[in-house]
file protein.txt (compact mmCIF, C-alpha atoms)
# COMPACT_ATOMS: atom_id res chain seq x y z
CA MET P 710 -141.66 -9.36 -88.26
CA THR P 711 -138.72 -6.96 -88.20
CA PRO P 712 -139.07 -3.44 -86.75
CA LYS P 713 -138.66 -2.07 -90.28
CA GLU P 714 -141.55 -4.18 -91.58
CA VAL P 715 -143.77 -3.09 -88.69
CA ALA P 716 -142.88 0.56 -89.29
CA GLN P 717 -143.62 0.35 -92.99
CA ALA P 718 -146.93 -1.38 -92.39
CA LEU P 719 -148.10 1.14 -89.79
CA ASP P 720 -146.59 4.26 -91.35
CA ASN P 721 -149.69 5.77 -92.98
CA ARG P 722 -151.91 4.99 -90.02
CA ILE P 723 -149.49 6.56 -87.54
CA LEU P 724 -149.14 9.71 -89.64
CA ALA P 725 -152.93 9.94 -89.90
CA PHE P 726 -153.24 9.43 -86.15
CA LEU P 727 -150.82 12.30 -85.49
CA GLN P 728 -152.58 14.54 -87.98
CA ASN P 729 -155.85 13.88 -86.12
CA ILE P 730 -154.15 15.12 -82.96
CA ALA P 731 -152.92 18.17 -84.90
CA SER P 732 -156.48 18.93 -86.05
CA ASN P 733 -157.73 18.71 -82.47
CA LEU P 734 -155.00 21.12 -81.34
CA ALA P 735 -155.71 23.49 -84.24
CA ALA P 736 -159.26 23.90 -82.93
CA LYS P 737 -157.68 25.19 -79.73
CA LYS P 738 -155.54 27.64 -81.76
CA ILE P 739 -152.37 25.66 -81.14
CA PHE P 740 -149.99 25.68 -84.10
CA THR P 741 -148.47 22.41 -85.39
CA HIS P 742 -146.28 21.24 -88.23
CA GLU P 743 -147.30 18.42 -90.54
CA ALA P 744 -146.55 15.00 -89.06
CA VAL P 745 -143.41 13.35 -90.44
CA HIS P 746 -141.51 10.13 -89.89
CA VAL P 747 -137.78 10.06 -89.08
CA TRP P 748 -136.30 6.59 -89.53
CA ASP P 749 -132.82 5.27 -88.81
CA HIS P 750 -132.71 1.78 -90.33
CA GLU P 751 -129.11 1.16 -89.27
CA ASN P 752 -129.91 1.55 -85.57
CA GLY P 753 -133.43 0.15 -85.75
CA ILE P 754 -135.12 3.40 -84.67
CA TYR P 755 -138.46 4.35 -86.20
CA GLU P 756 -139.96 7.65 -85.06
CA TRP P 757 -142.91 9.77 -86.16
CA TRP P 758 -142.85 13.43 -85.14
CA LEU P 759 -145.52 16.04 -84.68
CA LEU P 760 -144.01 19.40 -83.67
CA VAL P 761 -146.45 21.48 -81.65
CA TYR P 762 -145.94 25.16 -80.81
CA PRO P 763 -147.75 26.51 -77.77
CA TRP P 764 -148.44 30.19 -78.36
CA THR P 765 -151.90 31.49 -79.25
CA ARG P 766 -152.51 34.47 -81.52
CA VAL P 767 -149.54 33.68 -83.74
CA THR P 768 -149.59 32.39 -87.30
CA LYS P 769 -146.08 30.93 -87.14
CA PRO P 770 -143.97 29.68 -84.23
CA PRO P 771 -141.45 31.94 -82.51
CA GLU P 772 -137.88 30.67 -82.57
CA ASN P 773 -137.90 29.95 -78.84
CA ALA P 774 -141.14 27.97 -78.96
CA VAL P 775 -141.75 24.83 -76.97
CA ILE P 776 -142.00 21.70 -79.09
CA ALA P 777 -144.33 18.79 -78.44
CA GLU P 778 -142.77 15.73 -80.01
CA ILE P 779 -145.00 12.69 -80.34
CA ARG P 780 -143.41 9.55 -81.64
CA PHE P 781 -143.35 5.80 -81.70
CA GLU P 782 -139.99 4.44 -80.66
CA ARG P 783 -138.44 1.01 -80.72
CA HIS P 784 -136.91 -0.24 -77.45
CA GLY P 785 -135.28 -3.67 -77.62
CA LYS P 786 -137.94 -6.06 -78.89
CA PHE P 787 -140.83 -3.64 -78.49
CA LEU P 788 -142.50 -0.74 -80.24
CA ASN P 789 -143.74 1.81 -77.70
CA ILE P 790 -145.82 4.93 -78.03
CA VAL P 791 -144.09 7.88 -76.39
CA ALA P 792 -144.91 11.56 -76.32
CA GLU P 793 -142.61 14.31 -75.12
CA LEU P 794 -142.72 18.08 -74.87
CA GLU P 795 -139.45 19.96 -74.84
CA SER P 796 -138.04 23.36 -75.62
CA VAL P 797 -135.70 23.93 -78.51
CA GLU P 798 -132.87 24.24 -75.98
CA GLY P 799 -133.94 21.06 -74.20
CA ALA P 800 -134.86 23.06 -71.09
CA VAL P 801 -138.23 21.37 -70.56
CA LEU P 802 -139.02 17.70 -70.87
CA TYR P 803 -142.43 16.24 -70.09
CA ARG P 804 -143.42 12.67 -70.85
CA TRP P 805 -147.17 12.28 -70.74
CA ALA P 806 -147.71 8.66 -71.70
CA GLU P 807 -145.99 5.41 -72.44
CA GLY P 808 -148.18 2.85 -74.14
CA GLU P 809 -148.28 -0.87 -73.69
CA ASP P 810 -145.60 -2.91 -75.40
CA ILE P 811 -146.32 -4.20 -78.89
CA SER P 812 -144.28 -7.38 -79.23
CA LEU P 813 -142.22 -7.56 -82.39
CA GLU P 814 -142.13 -11.33 -82.18
CA LYS P 815 -145.66 -11.62 -83.60
CA ALA P 816 -145.76 -12.80 -87.19
CA ASP P 817 -149.08 -11.35 -88.36
CA ILE P 818 -149.33 -7.60 -88.98
CA SER P 819 -153.04 -7.76 -88.22
CA GLU P 820 -152.17 -8.28 -84.56
CA TYR P 821 -150.25 -5.00 -84.54
CA GLU P 822 -153.09 -3.25 -86.29
CA VAL P 823 -155.62 -4.45 -83.71
CA GLU P 824 -153.42 -3.23 -80.86
CA PHE P 825 -152.87 0.11 -82.60
CA GLU P 826 -156.59 0.72 -82.92
CA ARG P 827 -156.79 1.80 -79.29
CA TYR P 828 -154.54 4.77 -80.10
CA GLU P 829 -156.79 5.75 -82.99
CA ASP P 830 -159.88 5.84 -80.84
CA PRO P 831 -161.37 9.39 -80.89
CA ASP P 832 -161.45 9.51 -77.09
CA SER P 833 -157.76 8.62 -76.97
CA ILE P 834 -156.91 11.42 -79.40
CA VAL P 835 -158.91 13.93 -77.33
CA GLN P 836 -157.09 12.81 -74.19
CA ILE P 837 -153.69 13.16 -75.84
CA ALA P 838 -154.50 16.64 -77.12
CA ALA P 839 -155.81 17.61 -73.65
CA LYS P 840 -152.55 16.51 -72.03
CA ILE P 841 -150.55 18.62 -74.47
CA GLU P 842 -152.84 21.60 -73.89
CA THR P 843 -152.48 21.21 -70.12
CA PHE P 844 -148.72 21.28 -70.39
CA ILE P 845 -148.82 24.37 -72.58
CA LYS P 846 -151.07 26.15 -70.09
CA ARG P 847 -148.59 25.37 -67.33
CA ALA P 848 -145.78 26.74 -69.48
CA ARG P 849 -147.70 29.93 -70.20
CA SER P 850 -148.43 30.42 -66.51
CA GLY P 851 -144.75 30.24 -65.65
CA GLU P 852 -144.19 26.54 -64.90
CA PRO P 853 -141.51 25.43 -64.85
CA LYS P 854 -139.50 28.36 -66.22
CA GLY P 855 -141.52 31.42 -65.14
CA PRO P 856 -143.86 33.82 -66.98
CA ARG P 857 -141.22 36.31 -68.14
CA GLU P 858 -139.19 33.63 -69.86
CA TRP P 859 -142.26 32.06 -71.45
CA SER P 860 -144.11 35.14 -72.60
CA PRO P 861 -143.83 35.78 -76.36
CA ARG P 862 -144.53 39.47 -75.74
CA LEU P 863 -141.42 40.08 -73.61
CA LYS P 864 -138.79 39.58 -76.29
CA GLY P 865 -136.15 41.45 -74.34
CA SER P 866 -136.57 39.08 -71.42
CA GLU P 867 -136.01 35.85 -73.32
CA PRO P 868 -133.28 33.71 -71.78
CA LYS P 869 -130.04 33.44 -73.68
CA LYS P 870 -129.60 30.17 -75.49
CA LYS P 871 -126.85 28.00 -74.15
CA PRO P 872 -124.35 27.09 -76.83
CA ASP P 873 -124.43 23.46 -77.92
CA GLU P 874 -121.50 21.52 -76.53
CA PRO P 875 -119.56 19.22 -78.86
CA VAL P 876 -120.41 15.53 -78.66
CA ARG P 877 -117.32 13.84 -77.23
CA ILE P 878 -116.70 10.12 -77.68
CA ASN P 879 -114.12 8.49 -75.42
CA ILE P 880 -112.63 6.02 -77.85
CA VAL P 881 -111.03 3.86 -75.13
CA GLU P 882 -114.55 3.07 -73.89
CA GLU P 883 -115.67 1.88 -77.32
CA LYS P 884 -116.03 -1.84 -78.01
CA GLU P 885 -113.51 -1.77 -80.85
CA TRP P 886 -110.78 -0.35 -78.58
CA LYS P 887 -111.47 -2.76 -75.74
CA GLU P 888 -111.42 -5.75 -78.06
CA ASN P 889 -108.06 -4.84 -79.58
CA TRP P 890 -105.94 -2.82 -77.16
CA THR P 891 -106.80 -3.76 -73.57
CA TRP P 892 -106.31 -6.76 -71.35
CA GLU P 893 -109.94 -7.68 -72.06
CA SER P 894 -108.61 -9.10 -75.32
CA THR P 895 -106.89 -12.49 -75.02
CA ASP P 896 -104.91 -11.74 -78.18
CA PHE P 897 -103.56 -8.51 -76.70
CA ASP P 898 -102.61 -10.25 -73.44
CA GLU P 899 -100.77 -13.04 -75.24
CA ARG P 900 -99.05 -10.66 -77.67
CA ILE P 901 -97.69 -8.41 -74.91
CA GLN P 902 -96.52 -11.40 -72.87
CA ARG P 903 -94.75 -12.99 -75.84
CA LEU P 904 -92.96 -9.78 -76.86
CA SER P 905 -92.02 -8.93 -73.27
CA ASP P 906 -90.60 -12.39 -72.59
CA ALA P 907 -88.46 -12.25 -75.73
CA TYR P 908 -87.06 -8.82 -74.84
CA TYR P 909 -86.43 -9.89 -71.23
CA GLU P 910 -84.43 -12.94 -72.29
CA THR P 911 -82.24 -10.80 -74.56
CA LEU P 912 -81.63 -8.25 -71.82
CA PHE P 913 -81.07 -11.00 -69.22
CA GLY P 914 -78.23 -12.40 -71.26
CA ASP P 915 -76.44 -9.06 -71.61
CA LYS P 916 -73.97 -8.73 -68.71
CA ASP P 917 -73.02 -5.13 -69.45
CA GLU P 918 -76.66 -4.08 -69.74
CA CYS P 919 -77.42 -5.45 -66.27
CA GLU P 920 -74.64 -3.42 -64.69
CA SER P 921 -75.88 -0.26 -66.38
CA LEU P 922 -79.42 -0.90 -65.06
CA ILE P 923 -78.22 -1.39 -61.48
CA GLU P 924 -76.18 1.82 -61.67
CA ASP P 925 -79.33 3.65 -62.83
CA ILE P 926 -81.35 2.16 -59.98
CA MET P 927 -78.80 3.19 -57.34
CA GLY P 928 -78.56 6.75 -58.68
CA THR P 929 -76.68 8.91 -56.18
CA PHE P 930 -75.97 5.79 -54.11
CA TYR P 931 -73.59 4.58 -56.80
CA ASP P 932 -69.97 5.74 -56.91
CA SER P 933 -67.56 4.29 -59.44
CA ASP P 934 -64.67 4.94 -57.00
CA ALA P 935 -66.31 3.20 -54.04
CA ASP P 936 -64.48 0.17 -52.68
CA GLU P 937 -66.80 -2.06 -50.72
CA GLY P 938 -67.17 -5.61 -49.52
CA PRO P 939 -69.62 -7.45 -47.30
CA ARG P 940 -68.11 -6.27 -44.01
CA GLU P 941 -68.04 -2.66 -45.14
CA TRP P 942 -71.86 -2.58 -45.17
CA ALA P 943 -72.12 -2.88 -41.41
CA PRO P 944 -73.34 -1.12 -39.37
CA ARG P 945 -74.66 1.39 -41.96
CA PRO P 946 -74.80 1.35 -45.78
CA ARG P 947 -72.29 3.24 -47.87
CA LYS P 948 -72.20 3.99 -51.57
CA ILE P 949 -72.16 1.01 -53.88
CA GLY P 950 -69.30 0.67 -56.36
CA PRO P 951 -68.55 -1.51 -59.41
CA GLU P 952 -67.89 -4.61 -57.30
CA GLY P 953 -71.25 -4.29 -55.55
CA VAL P 954 -73.00 -3.84 -58.91
CA LYS P 955 -71.40 -7.07 -60.18
CA LYS P 956 -72.57 -8.92 -57.09
CA VAL P 957 -76.15 -7.71 -57.61
CA CYS P 958 -76.07 -8.73 -61.28
CA LYS P 959 -74.76 -12.17 -60.43
CA ALA P 960 -77.54 -12.56 -57.86
CA TRP P 961 -80.13 -11.39 -60.41
CA HIS P 962 -78.94 -13.99 -62.90
CA ASN P 963 -79.28 -16.55 -60.11
CA ARG P 964 -82.93 -15.42 -59.65
CA GLU P 965 -82.19 -14.05 -56.16
CA MET P 966 -83.21 -10.37 -56.65
CA GLU P 967 -87.00 -10.31 -56.73
CA ALA P 968 -87.51 -6.53 -56.57
CA VAL P 969 -84.81 -5.89 -59.19
CA ASP P 970 -86.35 -8.49 -61.49
CA SER P 971 -89.83 -7.08 -60.97
CA VAL P 972 -88.92 -3.49 -61.86
CA ILE P 973 -87.14 -4.64 -65.03
CA ARG P 974 -90.02 -6.89 -66.13
CA ASP P 975 -92.61 -4.18 -65.43
CA THR P 976 -90.70 -1.66 -67.52
CA ILE P 977 -90.55 -4.07 -70.43
CA GLN P 978 -94.27 -4.80 -70.16
CA TYR P 979 -95.21 -1.10 -70.01
CA MET P 980 -92.95 -0.47 -72.99
CA TYR P 981 -94.65 -3.11 -75.13
CA GLU P 982 -98.12 -2.07 -74.01
CA ASP P 983 -97.41 1.46 -75.24
CA ALA P 984 -95.84 0.13 -78.44
CA SER P 985 -98.91 -2.03 -79.13
CA ILE P 986 -101.53 0.63 -78.32
CA PRO P 987 -102.33 3.35 -80.88
CA ASP P 988 -100.49 6.55 -80.05
CA GLY P 989 -101.52 10.10 -80.88
CA GLY P 990 -99.99 9.90 -84.33
CA ASP P 991 -101.83 6.66 -85.14
CA ILE P 992 -105.14 8.12 -83.99
CA GLN P 993 -104.67 11.39 -85.86
CA HIS P 994 -103.82 9.47 -89.03
CA ALA P 995 -106.92 7.26 -88.73
CA ILE P 996 -109.06 10.34 -88.07
CA GLN P 997 -107.77 11.99 -91.23
CA GLU P 998 -108.35 8.83 -93.26
CA ALA P 999 -111.92 8.60 -91.94
CA LYS P 1000 -112.50 12.25 -92.84
CA ASP P 1001 -111.18 11.67 -96.36
CA LYS P 1002 -113.43 8.62 -96.80
CA LEU P 1003 -116.58 10.49 -95.73
CA ILE P 1004 -115.68 13.44 -97.97
CA ASP P 1005 -115.10 11.15 -100.96
CA GLU P 1006 -118.30 9.16 -100.37
CA VAL P 1007 -120.73 11.82 -99.14
CA GLU P 1008 -123.96 10.63 -97.52
CA LEU P 1009 -126.32 13.47 -96.62
CA ASP P 1010 -130.03 13.83 -96.01
CA TYR P 1011 -130.59 15.88 -99.16
CA GLU P 1012 -134.05 16.97 -98.04
CA LEU P 1013 -132.43 18.81 -95.13
CA TRP P 1014 -129.57 20.29 -97.16
CA ASP P 1015 -131.60 21.27 -100.26
CA PRO P 1016 -131.63 25.03 -99.45
CA LEU P 1017 -127.82 25.15 -99.68
CA LEU P 1018 -127.57 22.77 -102.63
CA ASP P 1019 -130.08 24.91 -104.48
CA LYS P 1020 -127.80 27.91 -103.87
CA GLY P 1021 -124.90 26.14 -105.60
CA TRP P 1022 -123.18 24.48 -102.67
CA HIS P 1023 -121.46 21.21 -103.57
CA GLU P 1024 -122.16 18.28 -101.26
CA GLN P 1025 -118.42 17.71 -100.75
CA ASP P 1026 -117.98 21.34 -99.67
CA ILE P 1027 -120.64 20.74 -96.99
CA MET P 1028 -118.90 17.58 -95.80
CA ILE P 1029 -115.48 19.26 -95.71
CA GLN P 1030 -116.83 21.95 -93.38
CA LEU P 1031 -118.44 19.32 -91.15
CA MET P 1032 -115.24 17.26 -91.03
CA ASN P 1033 -113.31 20.37 -89.98
CA GLU P 1034 -115.34 20.21 -86.75
CA VAL P 1035 -113.98 16.76 -85.82
CA ASN P 1036 -111.03 17.00 -83.43
CA TYR P 1037 -108.92 14.74 -81.22
CA ASN P 1038 -107.87 15.59 -77.66
CA ARG P 1039 -106.20 13.86 -74.75
CA ALA P 1040 -105.06 15.32 -71.46
CA PRO P 1041 -101.31 14.90 -70.72
CA ARG P 1042 -100.56 11.40 -69.36
CA ALA P 1043 -104.29 10.57 -69.25
CA TYR P 1044 -105.50 7.22 -70.56
CA ASP P 1045 -108.80 8.59 -71.91
CA ARG P 1046 -108.76 9.74 -75.53
CA TYR P 1047 -111.60 11.74 -77.07
CA ILE P 1048 -112.89 12.53 -80.53
CA ALA P 1049 -115.07 15.64 -80.38
CA PHE P 1050 -117.79 16.32 -82.96
CA ASP P 1051 -118.95 19.94 -83.08
CA PHE P 1052 -121.17 19.68 -86.15
CA ILE P 1053 -124.00 21.81 -84.78
CA ASN P 1054 -121.72 24.85 -84.46
CA ALA P 1055 -120.18 24.53 -87.91
CA GLY P 1056 -120.46 27.57 -90.14
CA VAL P 1057 -122.20 25.53 -92.82
CA VAL P 1058 -124.95 24.59 -90.34
CA LYS P 1059 -125.53 28.24 -89.48
CA ASP P 1060 -125.78 28.94 -93.23
CA LEU P 1061 -128.23 26.07 -93.63
CA LEU P 1062 -130.53 27.23 -90.83
CA ALA P 1063 -130.48 30.77 -92.19
CA ALA P 1064 -131.48 29.43 -95.61
CA TRP P 1065 -134.58 27.76 -94.20
CA PRO P 1066 -137.72 29.84 -93.42
CA LYS P 1067 -137.87 30.77 -89.73
CA LYS P 1068 -140.90 28.57 -89.16
CA ASP P 1069 -138.90 25.49 -90.23
CA ARG P 1070 -135.64 26.08 -88.39
CA GLY P 1071 -136.75 24.35 -85.21
CA TRP P 1072 -137.51 20.99 -86.79
CA VAL P 1073 -134.50 21.24 -89.13
CA ARG P 1074 -132.19 21.78 -86.16
CA ASP P 1075 -133.78 18.89 -84.29
CA ALA P 1076 -133.54 16.61 -87.33
CA LEU P 1077 -129.85 17.48 -87.73
CA LYS P 1078 -129.03 16.76 -84.09
CA SER P 1079 -131.15 13.65 -83.56
CA ASN P 1080 -130.69 11.93 -86.90
CA GLU P 1081 -128.28 13.44 -89.43
CA PHE P 1082 -125.36 14.12 -87.08
CA ARG P 1083 -125.88 10.91 -85.14
CA THR P 1084 -125.68 8.92 -88.38
CA LEU P 1085 -122.61 10.90 -89.43
CA ARG P 1086 -120.87 10.19 -86.11
CA ASN P 1087 -121.66 6.48 -86.37
CA ASN P 1088 -120.32 6.32 -89.92
CA PHE P 1089 -117.21 8.25 -88.92
CA MET P 1090 -116.44 6.01 -85.93
CA GLY P 1091 -116.90 2.90 -88.07
CA GLU P 1092 -114.43 4.18 -90.65
CA PHE P 1093 -112.05 5.44 -87.95
CA PHE P 1094 -111.74 2.09 -86.17
CA GLU P 1095 -111.49 0.19 -89.45
CA LYS P 1096 -108.53 2.38 -90.49
CA LEU P 1097 -106.93 2.26 -87.04
CA GLU P 1098 -107.14 -1.53 -86.78
CA LYS P 1099 -105.61 -1.95 -90.23
CA ASP P 1100 -102.75 0.45 -89.47
CA MET P 1101 -101.97 -1.26 -86.17
CA LYS P 1102 -102.01 -4.75 -87.72
CA ASP P 1103 -99.47 -3.57 -90.28
CA SER P 1104 -97.13 -2.14 -87.61
CA ASP P 1105 -94.39 -3.99 -85.72
CA PRO P 1106 -94.29 -3.20 -81.98
CA ASP P 1107 -90.54 -3.88 -81.90
CA PHE P 1108 -90.02 -0.85 -84.12
CA ARG P 1109 -92.23 1.30 -81.88
CA THR P 1110 -90.58 0.60 -78.53
CA ASN P 1111 -88.52 3.17 -76.64
CA TRP P 1112 -86.66 1.64 -73.72
CA ASP P 1113 -84.97 4.86 -72.62
CA ILE P 1114 -88.27 6.70 -72.12
CA HIS P 1115 -89.89 3.92 -70.11
CA TRP P 1116 -86.82 3.12 -68.06
CA GLY P 1117 -86.32 6.82 -67.37
CA GLY P 1118 -89.89 7.06 -66.16
CA MET P 1119 -89.42 4.05 -63.90
CA ILE P 1120 -86.24 5.19 -62.13
CA VAL P 1121 -87.77 8.54 -61.14
CA ASP P 1122 -90.46 6.65 -59.22
CA ASP P 1123 -88.96 7.33 -55.79
CA ALA P 1124 -91.17 4.90 -53.86
CA ARG P 1125 -90.43 2.06 -56.28
CA MET P 1126 -86.70 2.74 -56.35
CA GLU P 1127 -86.50 2.96 -52.56
CA ALA P 1128 -87.92 -0.58 -52.31
CA VAL P 1129 -85.47 -1.92 -54.90
CA ARG P 1130 -82.47 -0.22 -53.26
CA LYS P 1131 -83.51 -1.62 -49.90
CA GLU P 1132 -83.34 -5.14 -51.37
CA ILE P 1133 -79.90 -4.39 -52.85
CA PHE P 1134 -78.52 -2.98 -49.59
CA GLU P 1135 -79.81 -5.95 -47.60
CA PHE P 1136 -78.32 -8.39 -50.08
CA LEU P 1137 -74.89 -6.74 -50.09
CA LYS P 1138 -74.60 -6.94 -46.30
CA THR P 1139 -74.13 -10.69 -46.57
CA ALA P 1140 -73.25 -11.18 -50.23
CA PRO P 1141 -70.40 -13.64 -50.85
CA GLU P 1142 -67.18 -12.50 -52.45
CA LEU P 1143 -67.06 -12.67 -56.23
CA PRO P 1144 -65.00 -15.47 -57.83
CA GLU P 1145 -61.75 -14.17 -59.27
CA GLU P 1146 -62.95 -14.67 -62.85
CA ASP P 1147 -65.95 -12.34 -62.17
CA GLU P 1148 -63.94 -9.50 -60.64

call {"tool": "encode", "arguments": {"input": "protein.txt", "output": "structure tokens"}}
result
Amino acid sequence: MTPKEVAQALDNRILAFLQNIASNLAAKKIFTHEAVHVWDHENGIYEWWLLVYPWTRVTKPPENAVIAEIRFERHGKFLNIVAELESVEGAVLYRWAEGEDISLEKADISEYEVEFERYEDPDSIVQIAAKIETFIKRARSGEPKGPREWSPRLKGSEPKKKPDEPVRINIVEEKEWKENWTWESTDFDERIQRLSDAYYETLFGDKDECESLIEDIMGTFYDSDADEGPREWAPRPRKIGPEGVKKVCKAWHNREMEAVDSVIRDTIQYMYEDASIPDGGDIQHAIQEAKDKLIDEVELDYELWDPLLDKGWHEQDIMIQLMNEVNYNRAPRAYDRYIAFDFINAGVVKDLLAAWPKKDRGWVRDALKSNEFRTLRNNFMGEFFEKLEKDMKDSDPDFRTNWDIHWGGMIVDDARMEAVRKEIFEFLKTAPELPEEDE
């Protein structure tokens, strides 16, 4: 059976099981919400939540309440029972139990039902409720945060909530990037090699271009008025002039200048790598296209957004505000590239939470963060990479190359240039005279 089929078959029983826990906690004057299921079919996650608030002598939960979240969660090929207690800010996390695996490879739902019966046992429910109550008692006594921070009576002493940080996705670590624009892709490797070889052969056959490259490499060690020959290089090097440049080029064409050849080939390769990898403009364009697609084809959890829709908000207006919180950033010269999603701090989210009754804001916020925004990010990244791949396939790297930039970056690499110049100086000490037709 698939995880979805198991979830559907067990849904009512799991909700009833959680409500039995809620009834047990209610007898201890512990407030709970009604049990709900939160399913993400796309990612194969099936969860059932019971939100439990710890304070006694209150008829509704304070905004800084601790939440007990009990759920069933799929891991790989298994369906596990997991229970957690955590604060709204995520400051406290306590896992009290992890049940035995329920294999999803079984074909008969009755086998799942038999295994689930042990969770429905009245003694098991009492034990679960007792564990939750024990945790709440620890919280009230000051563990792990301390009594002042946990006391509902000391409102002025409540800790300040930490702002939610944007969720940042490093796109170069994503599978789609690695499969298209890194050396992990055979196609990328072959494409760069083919383009680089073609450019190298063209440059190799251009006599004037070679001389210009050697002059750039020599920098201040080149002097157009210098008059040198082999004997003039002993015992110490002098400036190289046009004749020396011609000798080096002739040697390069005879495959005798390894360091010179290497620095030229590397520059060409770096140039085509950059031309074949999406640049900032490509990424920004794909981001905008992904935003436009999600705005045109809005997919929202309407149960969560109903309070704003009932007030006259249009679903596209909601999505536009959310998409305004998607941004691209990359540090100068860094390889890593990030898309940041700051949905939780969007103005429309603040409006939504304010539109819900206070007692519901905790679970609404959690549902947004754990399900709605995660689904939205996944949909966005899927659209983003689809647009980016299409744009890059339609582009020609030869029209995106910039030799001057890459060559300029190479010749200011002092360590690299020192090694190349050393090879040139050593060669010129014993280089033969040029034939008359080459002078």

call {"tool": "residues_around", "arguments": {"input": "protein.txt", "residues": "Ile977 (chain P)", "least_positions_apart": "3", "cutoff": "8 Å", "atoms": "all atoms listed in the file", "output": "count of residues only"}}
result
8

call {"tool": "atom_distance", "arguments": {"input": "protein.txt", "atom1": "CA of Val1058 (chain P)", "atom2": "CA of Ile880 (chain P)"}}
result
25.5 Å

call {"tool": "axis_aligned_box", "arguments": {"input": "protein.txt", "around": "region 712-725 of chain P", "padding_each_side": "4 Å", "output": "AutoDock Vina command-line options"}}
result
--center_x -145.8 --center_y 2.9 --center_z -89.9 --size_x 22.3 --size_y 22.1 --size_z 14.2

call {"tool": "residues_around", "arguments": {"input": "protein.txt", "residues": "His1023 (chain P)", "least_positions_apart": "3", "cutoff": "12 Å", "atoms": "only C-alpha atoms", "output": "list in words"}}
result
Ile1004, Val1007, Leu1009, Tyr1011, Trp1014, Asp1015, Pro1016, Leu1017, Leu1018, Asp1019, Lys1020, Asp1026, Ile1027, Met1028, Ile1029, Gln1030 and Val1057 of chain P

call {"tool": "atom_distance", "arguments": {"input": "protein.txt", "atom1": "CA of Glu920 (chain P)", "atom2": "CA of Gly950 (chain P)"}}
result
10.7 Å

call {"tool": "atom_distance", "arguments": {"input": "protein.txt", "atom1": "CA of His962 (chain P)", "atom2": "CA of Ala935 (chain P)"}}
result
23.1 Å

call {"tool": "residues_around", "arguments": {"input": "protein.txt", "residues": "region 1125-1136 of chain P", "least_positions_apart": "4", "cutoff": "6 Å", "atoms": "all atoms listed in the file", "output": "JSON, numbers by chain"}}
result
{"P": [968, 969, 1140]}

call {"tool": "closest_atom_pairs", "arguments": {"input": "protein.txt", "of": "region 1027-1051 of chain P", "to": "region 1084-1087 of chain P", "cutoff": "12 Å", "atoms": "only C-alpha atoms", "output": "CSV"}}
result
residue,atom,partner,partner_atom,distance
P:Met1028,CA,P:Leu1085,CA,9.9
P:Leu1031,CA,P:Leu1085,CA,9.6
P:Met1032,CA,P:Leu1085,CA,9.9
P:Glu1034,CA,P:Arg1086,CA,11.5
P:Val1035,CA,P:Arg1086,CA,9.5
P:Ile1048,CA,P:Arg1086,CA,10.0
P:Ala1049,CA,P:Arg1086,CA,9.8
P:Phe1050,CA,P:Arg1086,CA,7.5
P:Asp1051,CA,P:Arg1086,CA,10.4

call {"tool": "closest_atom_pairs", "arguments": {"input": "protein.txt", "of": "region 1044-1094 of chain P", "to": "region 998-1002 of chain P", "cutoff": "9 Å", "atoms": "only C-alpha atoms", "output": "Markdown table"}}
result
| residue | atom | partner | partner_atom | distance |
| --- | --- | --- | --- | --- |
| P:Asn1088 | CA | P:Ala999 | CA | 8.9 |
| P:Phe1089 | CA | P:Ala999 | CA | 6.1 |
| P:Met1090 | CA | P:Ala999 | CA | 8.0 |
| P:Gly1091 | CA | P:Ala999 | CA | 8.5 |
| P:Glu1092 | CA | P:Ala999 | CA | 5.2 |
| P:Phe1093 | CA | P:Ala999 | CA | 5.1 |
| P:Phe1094 | CA | P:Ala999 | CA | 8.7 |

call {"tool": "closest_residue", "arguments": {"input": "protein.txt", "among": "P:Asn1054, P:Asn721, P:Asn1033, P:Thr741", "to": "Pro872 (chain P)", "atoms": "all atoms listed in the file"}}
result
P:Asn1054

call {"tool": "residues_near_point", "arguments": {"input": "protein.txt", "point": "(-76.7, -10.6, -58.0)", "cutoff": "12 Å", "atoms": "only C-alpha atoms", "output": "ChimeraX atom specification"}}
result
/P:916,919-920,923,952-970,1132-1137,1139-1143,1147

call {"tool": "closest_residue", "arguments": {"input": "protein.txt", "among": "P:Asp991, P:Asp1105, P:Asp1060, P:Glu1024", "to": "Asp1005 (chain P)", "atoms": "all atoms listed in the file"}}
result
P:Glu1024

call {"tool": "closest_residue", "arguments": {"input": "protein.txt", "among": "P:Ala1063, P:Leu1097, P:Ile841, P:Ile1114", "to": "Glu885 (chain P)", "atoms": "all atoms listed in the file"}}
result
P:Leu1097

call {"tool": "decode", "arguments": {"input": "protein.txt", "residues": "region 732-736 of chain P", "atoms": "N, CA and C atoms", "output": "CSV table (one decimal), in the first residue's frame"}}
result
chain,number,residue,atom,x,y,z
P,732,SER,N,-9.2,14.4,25.7
P,732,SER,CA,-10.1,14.3,26.8
P,732,SER,C,-9.4,14.0,28.1
P,733,ASN,N,-8.4,13.2,28.1
P,733,ASN,CA,-7.6,12.8,29.3
P,733,ASN,C,-7.0,14.1,29.8
P,734,LEU,N,-6.4,14.9,28.9
P,734,LEU,CA,-5.7,16.1,29.4
P,734,LEU,C,-6.7,17.2,29.9
P,735,ALA,N,-7.9,17.2,29.3
P,735,ALA,CA,-9.0,18.1,29.7
P,735,ALA,C,-9.3,17.9,31.2
P,736,ALA,N,-9.3,16.6,31.6
P,736,ALA,CA,-9.7,16.3,33.0
P,736,ALA,C,-8.6,16.8,33.9
